[in-house]
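Okay, data-v3.txt now, which holds compact mmCIF, C-alpha atoms:
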```txt
# COMPACT_ATOMS: atom_id res chain seq x y z
CA MET A 1 9.33 119.67 27.84
CA ARG A 2 5.84 119.39 26.38
CA ASP A 3 2.69 119.51 28.48
CA TRP A 4 1.77 115.87 27.92
CA GLU A 5 5.27 114.79 28.86
CA LYS A 6 5.03 116.71 32.13
CA LYS A 7 1.65 115.16 32.90
CA GLN A 8 3.00 111.69 32.08
CA LYS A 9 5.94 112.21 34.41
CA GLU A 10 3.71 113.51 37.22
CA TYR A 11 1.40 110.51 36.76
CA GLU A 12 4.30 108.04 36.97
CA GLU A 13 5.64 109.71 40.11
CA ARG A 14 2.18 109.62 41.71
CA MET A 15 1.73 105.93 40.87
CA ALA A 16 5.17 105.15 42.30
CA ARG A 17 4.19 106.87 45.56
CA VAL A 18 0.93 104.89 45.66
CA LYS A 19 2.84 101.64 45.05
CA ASN A 20 5.30 102.41 47.86
CA ALA A 21 2.41 103.22 50.18
CA LYS A 22 0.77 99.88 49.37
CA LEU A 23 4.02 98.04 50.03
CA ARG A 24 4.19 99.67 53.44
CA LEU A 25 0.71 98.33 54.22
CA THR A 26 1.43 94.72 53.22
CA CYS A 27 3.51 92.00 54.87
CA THR A 28 7.08 91.72 53.55
CA ILE A 29 6.94 87.89 53.67
CA CYS A 30 3.46 86.74 52.59
CA GLY A 31 1.88 89.93 51.22
CA ALA A 32 -1.05 89.93 53.67
CA LYS A 33 -2.29 93.04 55.47
CA ALA A 34 0.45 94.34 57.75
CA LYS A 35 -0.24 94.68 61.46
CA LEU A 36 3.24 94.60 62.99
CA PRO A 37 5.74 97.27 61.86
CA CYS A 38 9.46 96.57 62.10
CA PRO A 39 11.36 98.91 64.48
CA CYS A 40 13.56 100.09 61.57
CA GLY A 41 10.51 101.17 59.53
CA THR A 42 11.66 99.41 56.34
CA ALA A 43 9.49 96.28 56.70
CA GLN A 44 5.99 95.32 57.81
CA TYR A 45 4.65 91.98 59.02
CA CYS A 46 1.23 90.44 59.49
CA THR A 47 2.19 88.14 62.36
CA VAL A 48 5.11 87.35 64.62
CA ALA A 49 5.71 84.16 62.58
CA CYS A 50 6.48 86.19 59.43
CA GLN A 51 8.74 88.46 61.48
CA LYS A 52 10.68 85.40 62.74
CA VAL A 53 11.10 84.14 59.17
CA ASP A 54 12.50 87.52 58.04
CA TRP A 55 14.71 88.00 61.12
CA ARG A 56 16.10 84.46 61.47
CA GLU A 57 16.27 83.10 57.93
CA ARG A 58 16.70 86.22 55.79
CA GLY A 59 19.06 88.02 58.15
CA HIS A 60 16.90 91.14 58.64
CA ARG A 61 17.75 91.19 62.36
CA THR A 62 21.30 92.39 61.59
CA ALA A 63 20.11 94.89 58.97
CA CYS A 64 17.43 96.26 61.31
CA LYS A 65 19.94 96.78 64.14
CA LYS A 66 22.37 98.48 61.74
CA ILE A 67 19.69 100.90 60.47
CA ARG A 68 18.62 101.81 64.00
CA ASP A 69 22.22 102.32 65.14
CA GLU A 70 22.91 104.60 62.15
CA ARG A 71 19.80 106.67 62.88
CA ALA A 72 20.73 106.98 66.55
CA ALA A 73 24.28 108.02 65.64
CA GLU A 74 22.97 110.60 63.15
CA ALA A 75 20.59 112.03 65.76
CA ALA A 76 23.42 112.22 68.30
CA ARG A 77 25.61 114.04 65.79
CA ALA A 78 22.79 116.48 65.04
CA GLU A 79 22.29 117.27 68.75
CA ALA A 80 26.00 117.52 69.54
CA PRO A 81 27.38 121.08 69.73
CA THR A 82 29.51 122.27 66.86
CA PRO A 83 33.18 122.03 67.80
CA PRO A 84 35.21 125.20 67.59
CA PRO A 85 37.30 125.64 64.45
CA SER A 86 40.75 124.16 64.75
CA PRO A 87 43.72 126.48 64.49
CA PRO A 88 45.49 126.54 61.15
CA GLU A 89 48.29 124.05 60.80
CA GLU A 90 51.81 125.34 60.87
CA VAL A 91 53.56 125.27 57.54
CA PHE A 92 56.97 123.64 57.69
CA TYR A 93 59.36 124.72 54.99
CA GLY A 94 62.06 122.13 54.54
CA PRO A 95 62.70 118.64 53.15
CA ALA A 96 59.60 116.45 52.65
CA PRO A 97 59.09 113.78 55.34
CA ARG A 98 59.84 110.19 54.43
CA SER A 99 56.82 108.26 53.11
CA HIS A 100 55.95 104.90 54.72
CA ALA A 101 53.50 103.92 51.99
CA ASP A 102 55.68 101.05 50.79
CA GLU A 103 55.90 99.59 54.29
CA VAL A 104 52.12 99.87 54.77
CA ARG A 105 51.44 98.18 51.42
CA ALA A 106 53.83 95.36 52.27
CA ARG A 107 52.19 94.83 55.66
CA ILE A 108 48.69 94.74 54.13
CA ALA A 109 49.86 92.26 51.46
CA ALA A 110 51.36 90.02 54.16
CA GLU A 111 48.08 90.10 56.13
CA HIS A 112 46.08 89.14 53.02
CA GLU A 113 48.47 86.28 52.27
CA ALA A 114 48.20 84.98 55.84
CA ALA A 115 44.38 85.15 55.67
CA ARG A 116 44.38 83.27 52.35
CA ALA A 117 46.60 80.54 53.85
CA ARG A 118 44.19 80.19 56.81
CA ARG A 119 41.19 79.90 54.47
CA GLU A 120 42.91 77.20 52.41
CA ALA A 121 43.92 75.27 55.53
CA ASN A 122 40.36 75.33 56.94
CA PRO A 123 37.94 75.78 54.03
CA GLU A 124 34.34 76.50 54.97
CA PRO A 125 31.81 74.41 53.01
CA ALA A 126 29.24 76.36 51.03
CA PRO A 127 25.60 75.94 52.17
CA ALA A 128 23.72 73.14 50.47
CA SER A 129 20.80 75.39 49.71
CA ALA A 130 20.23 79.01 50.63
CA ARG A 131 16.52 78.38 50.18
CA TYR A 132 16.43 75.62 52.82
CA GLY A 133 18.70 77.20 55.39
CA SER A 134 20.13 75.29 58.34
CA ARG A 135 16.81 74.64 60.12
CA CYS A 136 13.24 73.61 59.37
CA PRO A 137 11.27 76.83 58.69
CA ILE A 138 8.32 75.61 60.83
CA CYS A 139 9.75 74.00 63.98
CA LEU A 140 13.22 75.59 63.61
CA GLU A 141 14.92 72.25 64.36
CA GLU A 142 18.20 71.40 62.62
CA TRP A 143 18.03 69.06 59.62
CA ASP A 144 18.60 65.35 60.31
CA VAL A 145 20.79 63.92 57.54
CA ASN A 146 19.44 60.42 58.22
CA ILE A 147 15.77 61.35 57.71
CA GLY A 148 14.58 62.96 54.49
CA GLY A 149 12.18 65.89 54.51
CA LEU A 150 9.30 66.96 52.29
CA LEU A 151 9.42 69.62 49.57
CA LEU A 152 6.23 71.69 49.71
CA VAL A 153 5.36 72.20 46.05
CA CYS A 154 3.15 75.22 46.72
CA CYS A 155 5.97 77.49 47.97
CA CYS A 156 8.91 75.19 47.12
CA ARG A 157 10.18 75.04 50.71
CA LYS A 158 11.50 71.98 52.55
CA VAL A 159 10.18 70.87 55.95
CA CYS A 160 11.34 68.11 58.30
CA LYS A 161 9.71 64.69 58.69
CA SER A 162 7.86 65.53 61.92
CA CYS A 163 6.34 68.69 60.40
CA GLU A 164 5.43 66.70 57.29
CA ASP A 165 3.43 64.27 59.44
CA LYS A 166 1.71 67.12 61.28
CA ILE A 167 0.75 68.99 58.09
CA GLY A 168 -0.83 66.00 56.37
CA THR A 169 -3.50 67.24 53.94
CA GLU A 170 -3.95 70.61 55.64
CA ALA A 171 -3.10 73.97 54.07
CA CYS A 172 0.56 74.96 53.82
CA PRO A 173 1.57 76.75 57.05
CA LEU A 174 4.11 78.90 55.17
CA CYS A 175 2.16 80.24 52.17
CA ARG A 176 -1.41 79.37 53.36
CA LEU A 177 -2.17 77.68 50.02
CA PRO A 178 -4.58 74.70 50.26
CA CYS A 179 -3.27 71.21 49.59
CA ALA A 180 -3.35 70.12 45.94
CA LYS A 181 -6.47 68.08 45.16
CA SER A 182 -4.97 66.10 42.27
CA ASN A 183 -1.67 65.13 40.67
CA ALA A 184 -2.35 67.54 37.81
CA GLU A 185 -2.71 70.48 40.20
CA GLU A 186 0.45 69.53 42.09
CA LEU A 187 2.36 69.12 38.80
CA ALA A 188 1.15 72.55 37.61
CA ARG A 189 2.43 74.17 40.82
CA LEU A 190 5.77 72.41 40.46
CA ARG A 191 6.15 73.45 36.81
CA ARG A 192 5.48 77.08 37.76
CA HIS A 193 8.55 77.02 40.01
CA VAL A 194 10.54 75.20 37.31
CA GLU A 195 9.76 77.99 34.85
CA ASN A 196 11.11 80.47 37.42
CA GLU A 197 14.44 78.55 37.46
CA VAL A 198 14.13 77.37 41.08
CA PRO A 199 16.79 74.60 41.35
CA ASP A 200 14.95 72.68 44.08
CA ALA A 201 11.80 72.49 41.93
CA ILE A 202 13.82 71.30 38.91
CA THR A 203 15.35 68.53 41.02
CA ALA A 204 11.91 67.53 42.35
CA LEU A 205 10.53 67.34 38.80
CA GLY A 206 13.47 65.09 37.90
CA HIS A 207 12.53 62.77 40.78
CA ALA A 208 8.94 62.73 39.53
CA TYR A 209 10.11 61.63 36.06
CA ARG A 210 12.52 59.13 37.60
CA GLN A 211 9.79 57.47 39.67
CA GLY A 212 6.86 58.06 37.32
CA ARG A 213 4.85 60.11 39.82
CA LEU A 214 2.30 62.94 39.40
CA GLY A 215 0.87 61.25 36.31
CA LEU A 216 4.15 61.48 34.36
CA VAL A 217 5.53 58.71 32.18
CA LYS A 218 8.65 57.23 33.76
CA SER A 219 11.74 58.47 31.89
CA GLU A 220 15.35 58.21 33.00
CA LYS A 221 16.60 60.48 30.21
CA LYS A 222 14.25 63.36 31.09
CA ALA A 223 15.21 63.03 34.75
CA MET A 224 18.92 63.24 33.90
CA LYS A 225 18.37 66.29 31.67
CA LEU A 226 16.51 68.06 34.48
CA TRP A 227 19.22 67.18 37.00
CA LYS A 228 21.91 68.52 34.65
CA ARG A 229 19.98 71.79 34.51
CA ALA A 230 19.68 71.86 38.33
CA VAL A 231 23.42 71.14 38.71
CA GLU A 232 24.17 74.19 36.55
CA LEU A 233 22.10 76.21 39.03
CA GLY A 234 24.10 74.76 41.95
CA ASP A 235 21.66 72.26 43.51
CA VAL A 236 23.54 69.72 45.68
CA ASP A 237 20.79 67.07 45.63
CA ALA A 238 20.86 67.09 41.82
CA MET A 239 24.64 66.57 41.89
CA GLY A 240 24.23 63.32 43.82
CA CYS A 241 21.33 62.07 41.66
CA LEU A 242 23.19 62.82 38.42
CA ALA A 243 26.36 61.19 39.77
CA LEU A 244 24.43 58.00 40.59
CA GLY A 245 23.08 58.01 37.03
CA TYR A 246 26.62 58.18 35.64
CA MET A 247 27.73 55.41 38.03
CA LYS A 248 24.96 53.03 36.92
CA GLY A 249 24.63 54.22 33.31
CA GLU A 250 20.90 54.95 33.71
CA GLY A 251 19.63 57.66 31.36
CA VAL A 252 23.20 58.68 30.48
CA ARG A 253 26.35 56.95 29.31
CA LEU A 254 28.30 55.12 32.01
CA ASP A 255 31.10 57.41 33.20
CA ARG A 256 32.66 56.82 36.63
CA LYS A 257 35.00 59.78 36.20
CA LYS A 258 32.12 62.25 35.84
CA ALA A 259 30.31 60.57 38.72
CA MET A 260 33.35 61.01 40.98
CA GLN A 261 33.65 64.65 39.89
CA LEU A 262 29.99 65.33 40.77
CA PHE A 263 30.28 63.54 44.11
CA ARG A 264 33.34 65.65 44.97
CA MET A 265 31.42 68.81 44.02
CA GLY A 266 28.67 67.84 46.47
CA ALA A 267 31.21 66.88 49.13
CA ASP A 268 32.91 70.27 48.81
CA ARG A 269 29.50 71.85 49.46
CA GLY A 270 29.20 69.90 52.72
CA ASP A 271 26.75 67.19 51.58
CA ALA A 272 27.16 64.11 53.81
CA ASN A 273 25.86 61.59 51.26
CA SER A 274 28.28 62.89 48.62
CA MET A 275 31.18 62.50 51.07
CA LEU A 276 30.07 58.92 51.76
CA ASN A 277 29.86 58.10 48.05
CA VAL A 278 33.33 59.56 47.46
CA ALA A 279 34.67 57.25 50.18
CA PHE A 280 32.86 54.25 48.66
CA ILE A 281 34.36 54.88 45.22
CA LEU A 282 37.86 55.34 46.66
CA ASP A 283 37.52 52.05 48.54
CA GLU A 284 36.37 50.22 45.41
CA ASP A 285 39.13 51.68 43.23
CA GLY A 286 41.85 50.82 45.74
CA TRP A 287 40.97 47.14 46.15
CA THR A 288 41.73 44.36 43.67
CA GLY A 289 40.95 41.37 45.86
CA PRO A 290 37.73 39.35 46.11
CA PRO A 291 34.57 41.36 46.84
CA GLY A 292 33.22 41.37 50.35
CA THR A 293 36.61 41.00 52.06
CA TRP A 294 38.29 43.75 54.06
CA ARG A 295 40.81 45.95 52.29
CA PRO A 296 44.27 46.57 53.74
CA ALA A 297 45.34 50.07 54.76
CA THR A 298 46.20 51.26 51.26
CA ALA A 299 46.44 54.89 50.18
CA CYS A 300 42.90 54.82 48.79
CA SER A 301 41.40 53.33 51.93
CA ILE A 302 43.18 55.94 54.07
CA GLU A 303 41.76 58.72 51.89
CA ALA A 304 38.36 57.03 52.03
CA SER A 305 38.52 56.96 55.83
CA HIS A 306 39.12 60.72 55.75
CA TRP A 307 35.85 61.21 53.85
CA TYR A 308 34.10 58.72 56.16
CA GLU A 309 35.19 60.81 59.13
CA LEU A 310 34.03 64.07 57.55
CA ALA A 311 30.62 62.56 56.76
CA ALA A 312 30.41 61.07 60.27
CA GLN A 313 30.86 64.55 61.76
CA THR A 314 27.51 65.51 60.17
CA GLY A 315 25.77 62.65 62.02
CA LEU A 316 25.25 60.30 59.05
CA HIS A 317 24.82 56.78 60.48
CA ASP A 318 26.33 54.96 57.47
CA ALA A 319 29.48 57.07 57.71
CA GLU A 320 29.74 56.58 61.48
CA TYR A 321 29.47 52.82 61.01
CA ASN A 322 32.19 52.77 58.33
CA ILE A 323 34.61 54.91 60.34
CA ALA A 324 34.03 52.59 63.32
CA ILE A 325 35.00 49.64 61.13
CA CYS A 326 38.09 51.57 60.01
CA TYR A 327 39.07 51.97 63.68
CA LEU A 328 38.53 48.25 64.27
CA HIS A 329 40.82 47.24 61.40
CA GLY A 330 43.51 49.83 62.13
CA VAL A 331 43.11 51.91 58.96
CA VAL A 332 43.04 55.20 60.89
CA GLY A 333 44.59 53.93 64.10
CA ASP A 334 44.01 50.90 66.28
CA ASP A 335 41.36 52.22 68.69
CA ILE A 336 38.95 49.39 69.52
CA ASP A 337 37.40 51.23 72.49
CA LYS A 338 36.42 54.20 70.34
CA ALA A 339 34.98 51.91 67.66
CA TRP A 340 33.01 50.02 70.29
CA LEU A 341 31.52 53.25 71.68
CA MET A 342 30.52 54.40 68.19
CA LEU A 343 28.85 51.07 67.42
CA GLU A 344 26.99 51.13 70.75
CA ARG A 345 25.71 54.66 70.03
CA LEU A 346 24.52 53.59 66.57
CA ALA A 347 22.87 50.48 68.00
CA ALA A 348 21.04 52.66 70.55
CA ASN A 349 19.64 54.64 67.61
CA GLY A 350 18.39 51.43 65.99
CA TYR A 351 21.04 51.06 63.28
CA GLU A 352 20.82 47.40 62.22
CA LYS A 353 24.39 46.98 60.92
CA ALA A 354 25.80 48.20 64.25
CA ILE A 355 23.56 45.79 66.17
CA GLU A 356 24.78 42.87 64.05
CA ALA A 357 28.41 43.96 64.40
CA LEU A 358 28.09 44.10 68.20
CA LYS A 359 26.62 40.61 68.23
CA ILE A 360 29.61 39.32 66.27
CA LEU A 361 32.22 41.19 68.34
CA SER A 362 30.72 40.48 71.75
CA PRO A 363 32.37 37.52 73.56
```
Kindly transcribe the structure held in the file into structure tokens.
Amino acid sequence: MRDWEKKQKEYEERMARVKNAKLRLTCTICGAKAKLPCPCGTAQYCTVACQKVDWRERGHRTACKKIRDERAAEAARAEAPTPPPSPPEEVFYGPAPRSHADEVRARIAAEHEAARARREANPEPAPASARYGSRCPICLEEWDVNIGGLLLVCCCRKVCKSCEDKIGTEACPLCRLPCAKSNAEELARLRRHVENEVPDAITALGHAYRQGRLGLVKSEKKAMKLWKRAVELGDVDAMGCLALGYMKGEGVRLDRKKAMQLFRMGADRGDANSMLNVAFILDEDGWTGPPGTWRPATACSIEASHWYELAAQTGLHDAEYNIAICYLHGVVGDDIDKAWLMLERLAANGYEKAIEALKILSP
């Protein structure tokens, strides 16, 4: 190796060490100066808030515990005395023992088949968005499916309605970036995330084109193109928006079959609104009578009630109201008491349709 090649290699190694040293001095979450080292020694944090984000949302709590347990086990093995050498095994000269490999392979195959059958019987829905998680990143409250949240354009994170009201025009509590002073600045921040292929940002830009916000010219076609791109990246919100476009023929050609396919994709991912829309379409397809009248317990309405019930389990008020009506009309069983309790609970939450239904049903 030549001298200049050796010097180049030494320089690269030195710069790599400097870079690793800098990373150890900065926060793993926000990049600020680190003040709080993680017990495992692989991460640094500036505040307890950043540590909570890494431990609760990114799963570092489990990784940290695993690293510490491995180090403790390695130290225990190093301190343990060396066991005495085992005596040599006796050599048996005779016929080879019978192998049970075939039996073991058959047992393992049967266990895998039983596990696959259990997974198919009780499929677990995929998370709607790994970026959002199951809770608000600020107040750590679970998402309310009946109240929409706010997408912070600066860091492309979603917060709940109460945190949105508290933030107002202040700086972002997650990335510390000041609030955008104009639509152009907010649009530039959003486009930066779109260029990085963030599906939530692509969906938000589609909404901006759909509503004509942020100084953009209103365009249904551009919104649909953006939502198609977000659907390819797996965004559930974009699946519902694109499906509604196919249902109404806005920005794309009218295609109820594609709309149903997209709604089912969102429903399989656990999206409550997609489940509700699947039930609505099944109810419409299974009824040939005059609009506005109740449908009999046909096959489609029974399948629709199944999706109503799944959506109601997530707490969606529209789904709870529809499944209560199904109980009243005997589609999923004649249980008037259960329907009455569900309507009373919805009325207590201020749901107008339930209040009107109770007025009609009350003697």
Practice problem: Do a neighbour search on Leu177 in chain A at 12 Å with only C-alpha atoms, toss out local chain neighbours closer than 3 positions, and write the hits as a PyMOL selection string. | Solution: chain A and resi 30+152-156+169-174+180-181+186+189
Exercise. Give me, please, the distance in Å between CA of Met275 in chain A and CA of Met247 in chain A, quoted to one decimal.
Key: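 Computing the Euclidean distance for CA of Met275 in chain A and CA of Met247 in chain A yields 15.2 Å.
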Quiz item: Quick one: of A:Glu232, A:Asp3, A:Asp271, A:Glu220, who's nearest to Val252 in chain A, counting all atoms listed in the file?
Solution: A:Glu220
Self-check item: Nearest to Gln313 in chain A by atom-to-atom distance, counting all atoms listed in the file, from A:Ala184, A:Glu90, A:Glu113, A:Leu276
Solution: A:Leu276
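Our summary of the geometry notes that CA of Met342 in chain A is positioned 18.2 Å from CA of Ala304 in chain A.
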Exercise. Mind giving me the straight-line distance from CA of Arg56 in chain A to CA of Gly148 in chain A in Å, one decimal?
Key: 22.7 Å
Quiz item: Of the candidates A:Lys338, A:Arg269, A:Arg107, A:His193, which shows the shortest atom-to-atom distance to Ala311 in chain A, using all atoms listed in the file?
Solution: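 Using all atoms listed in the file, Ala311 in chain A sits closest to A:Arg269.
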Name the residues in contact with Gly234 in chain A at a cut-off of 10 Å, using only C-alpha atoms, excluding same-chain residues fewer than 5 positions from it; report them as a compact mmCIF listing (two decimals) with C-alpha atoms, keeping the file's coordinate frame.
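Now in around_14.txt:
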```txt
# COMPACT_ATOMS: atom_id res chain seq x y z
CA ALA A 128 23.72 73.14 50.47
CA SER A 129 20.80 75.39 49.71
CA PRO A 199 16.79 74.60 41.35
CA ASP A 200 14.95 72.68 44.08
CA LYS A 228 21.91 68.52 34.65
CA ARG A 229 19.98 71.79 34.51
CA MET A 239 24.64 66.57 41.89
CA MET A 265 31.42 68.81 44.02
CA GLY A 266 28.67 67.84 46.47
CA ARG A 269 29.50 71.85 49.46
```
Place N, CA and C atoms on range 136-152 of chain A and deliver the coordinates as a PDB file, in the coordinates of the input.
```pdb
ATOM      1  N   CYS A 136      14.592  73.721  59.924  1.00  0.00           N
ATOM      2  CA  CYS A 136      13.240  73.610  59.370  1.00  0.00           C
ATOM      3  C   CYS A 136      12.526  74.951  59.570  1.00  0.00           C
ATOM      4  N   PRO A 137      11.891  75.509  58.537  1.00  0.00           N
ATOM      5  CA  PRO A 137      11.270  76.830  58.690  1.00  0.00           C
ATOM      6  C   PRO A 137      10.042  76.832  59.597  1.00  0.00           C
ATOM      7  N   ILE A 138       9.515  75.663  59.988  1.00  0.00           N
ATOM      8  CA  ILE A 138       8.320  75.610  60.830  1.00  0.00           C
ATOM      9  C   ILE A 138       8.693  75.407  62.287  1.00  0.00           C
ATOM     10  N   CYS A 139       9.393  74.298  62.587  1.00  0.00           N
ATOM     11  CA  CYS A 139       9.750  74.000  63.980  1.00  0.00           C
ATOM     12  C   CYS A 139      11.131  74.523  64.365  1.00  0.00           C
ATOM     13  N   LEU A 140      11.890  75.016  63.385  1.00  0.00           N
ATOM     14  CA  LEU A 140      13.220  75.590  63.610  1.00  0.00           C
ATOM     15  C   LEU A 140      14.203  74.583  64.215  1.00  0.00           C
ATOM     16  N   GLU A 141      13.979  73.283  63.949  1.00  0.00           N
ATOM     17  CA  GLU A 141      14.920  72.250  64.360  1.00  0.00           C
ATOM     18  C   GLU A 141      15.943  72.023  63.247  1.00  0.00           C
ATOM     19  N   GLU A 142      17.165  71.637  63.623  1.00  0.00           N
ATOM     20  CA  GLU A 142      18.200  71.400  62.620  1.00  0.00           C
ATOM     21  C   GLU A 142      17.853  70.160  61.788  1.00  0.00           C
ATOM     22  N   TRP A 143      18.326  70.171  60.515  1.00  0.00           N
ATOM     23  CA  TRP A 143      18.030  69.060  59.620  1.00  0.00           C
ATOM     24  C   TRP A 143      18.728  67.791  60.095  1.00  0.00           C
ATOM     25  N   ASP A 144      18.025  66.667  60.004  1.00  0.00           N
ATOM     26  CA  ASP A 144      18.600  65.350  60.310  1.00  0.00           C
ATOM     27  C   ASP A 144      18.996  64.708  58.992  1.00  0.00           C
ATOM     28  N   VAL A 145      20.307  64.455  58.813  1.00  0.00           N
ATOM     29  CA  VAL A 145      20.790  63.920  57.540  1.00  0.00           C
ATOM     30  C   VAL A 145      20.323  62.489  57.308  1.00  0.00           C
ATOM     31  N   ASN A 146      19.878  61.802  58.367  1.00  0.00           N
ATOM     32  CA  ASN A 146      19.440  60.420  58.220  1.00  0.00           C
ATOM     33  C   ASN A 146      17.962  60.296  57.864  1.00  0.00           C
ATOM     34  N   ILE A 147      17.200  61.373  57.995  1.00  0.00           N
ATOM     35  CA  ILE A 147      15.770  61.350  57.710  1.00  0.00           C
ATOM     36  C   ILE A 147      15.485  62.411  56.657  1.00  0.00           C
ATOM     37  N   GLY A 148      14.917  62.011  55.548  1.00  0.00           N
ATOM     38  CA  GLY A 148      14.580  62.960  54.490  1.00  0.00           C
ATOM     39  C   GLY A 148      13.382  63.811  54.854  1.00  0.00           C
ATOM     40  N   GLY A 149      13.300  64.991  54.281  1.00  0.00           N
ATOM     41  CA  GLY A 149      12.180  65.890  54.510  1.00  0.00           C
ATOM     42  C   GLY A 149      11.216  65.886  53.337  1.00  0.00           C
ATOM     43  N   LEU A 150      10.314  66.832  53.330  1.00  0.00           N
ATOM     44  CA  LEU A 150       9.300  66.960  52.290  1.00  0.00           C
ATOM     45  C   LEU A 150       9.436  68.326  51.645  1.00  0.00           C
ATOM     46  N   LEU A 151       9.398  68.359  50.311  1.00  0.00           N
ATOM     47  CA  LEU A 151       9.420  69.620  49.570  1.00  0.00           C
ATOM     48  C   LEU A 151       7.981  70.049  49.318  1.00  0.00           C
ATOM     49  N   LEU A 152       7.577  71.167  49.926  1.00  0.00           N
ATOM     50  CA  LEU A 152       6.230  71.690  49.710  1.00  0.00           C
ATOM     51  C   LEU A 152       6.180  72.320  48.324  1.00  0.00           C
TER      52      LEU A 152
END
```
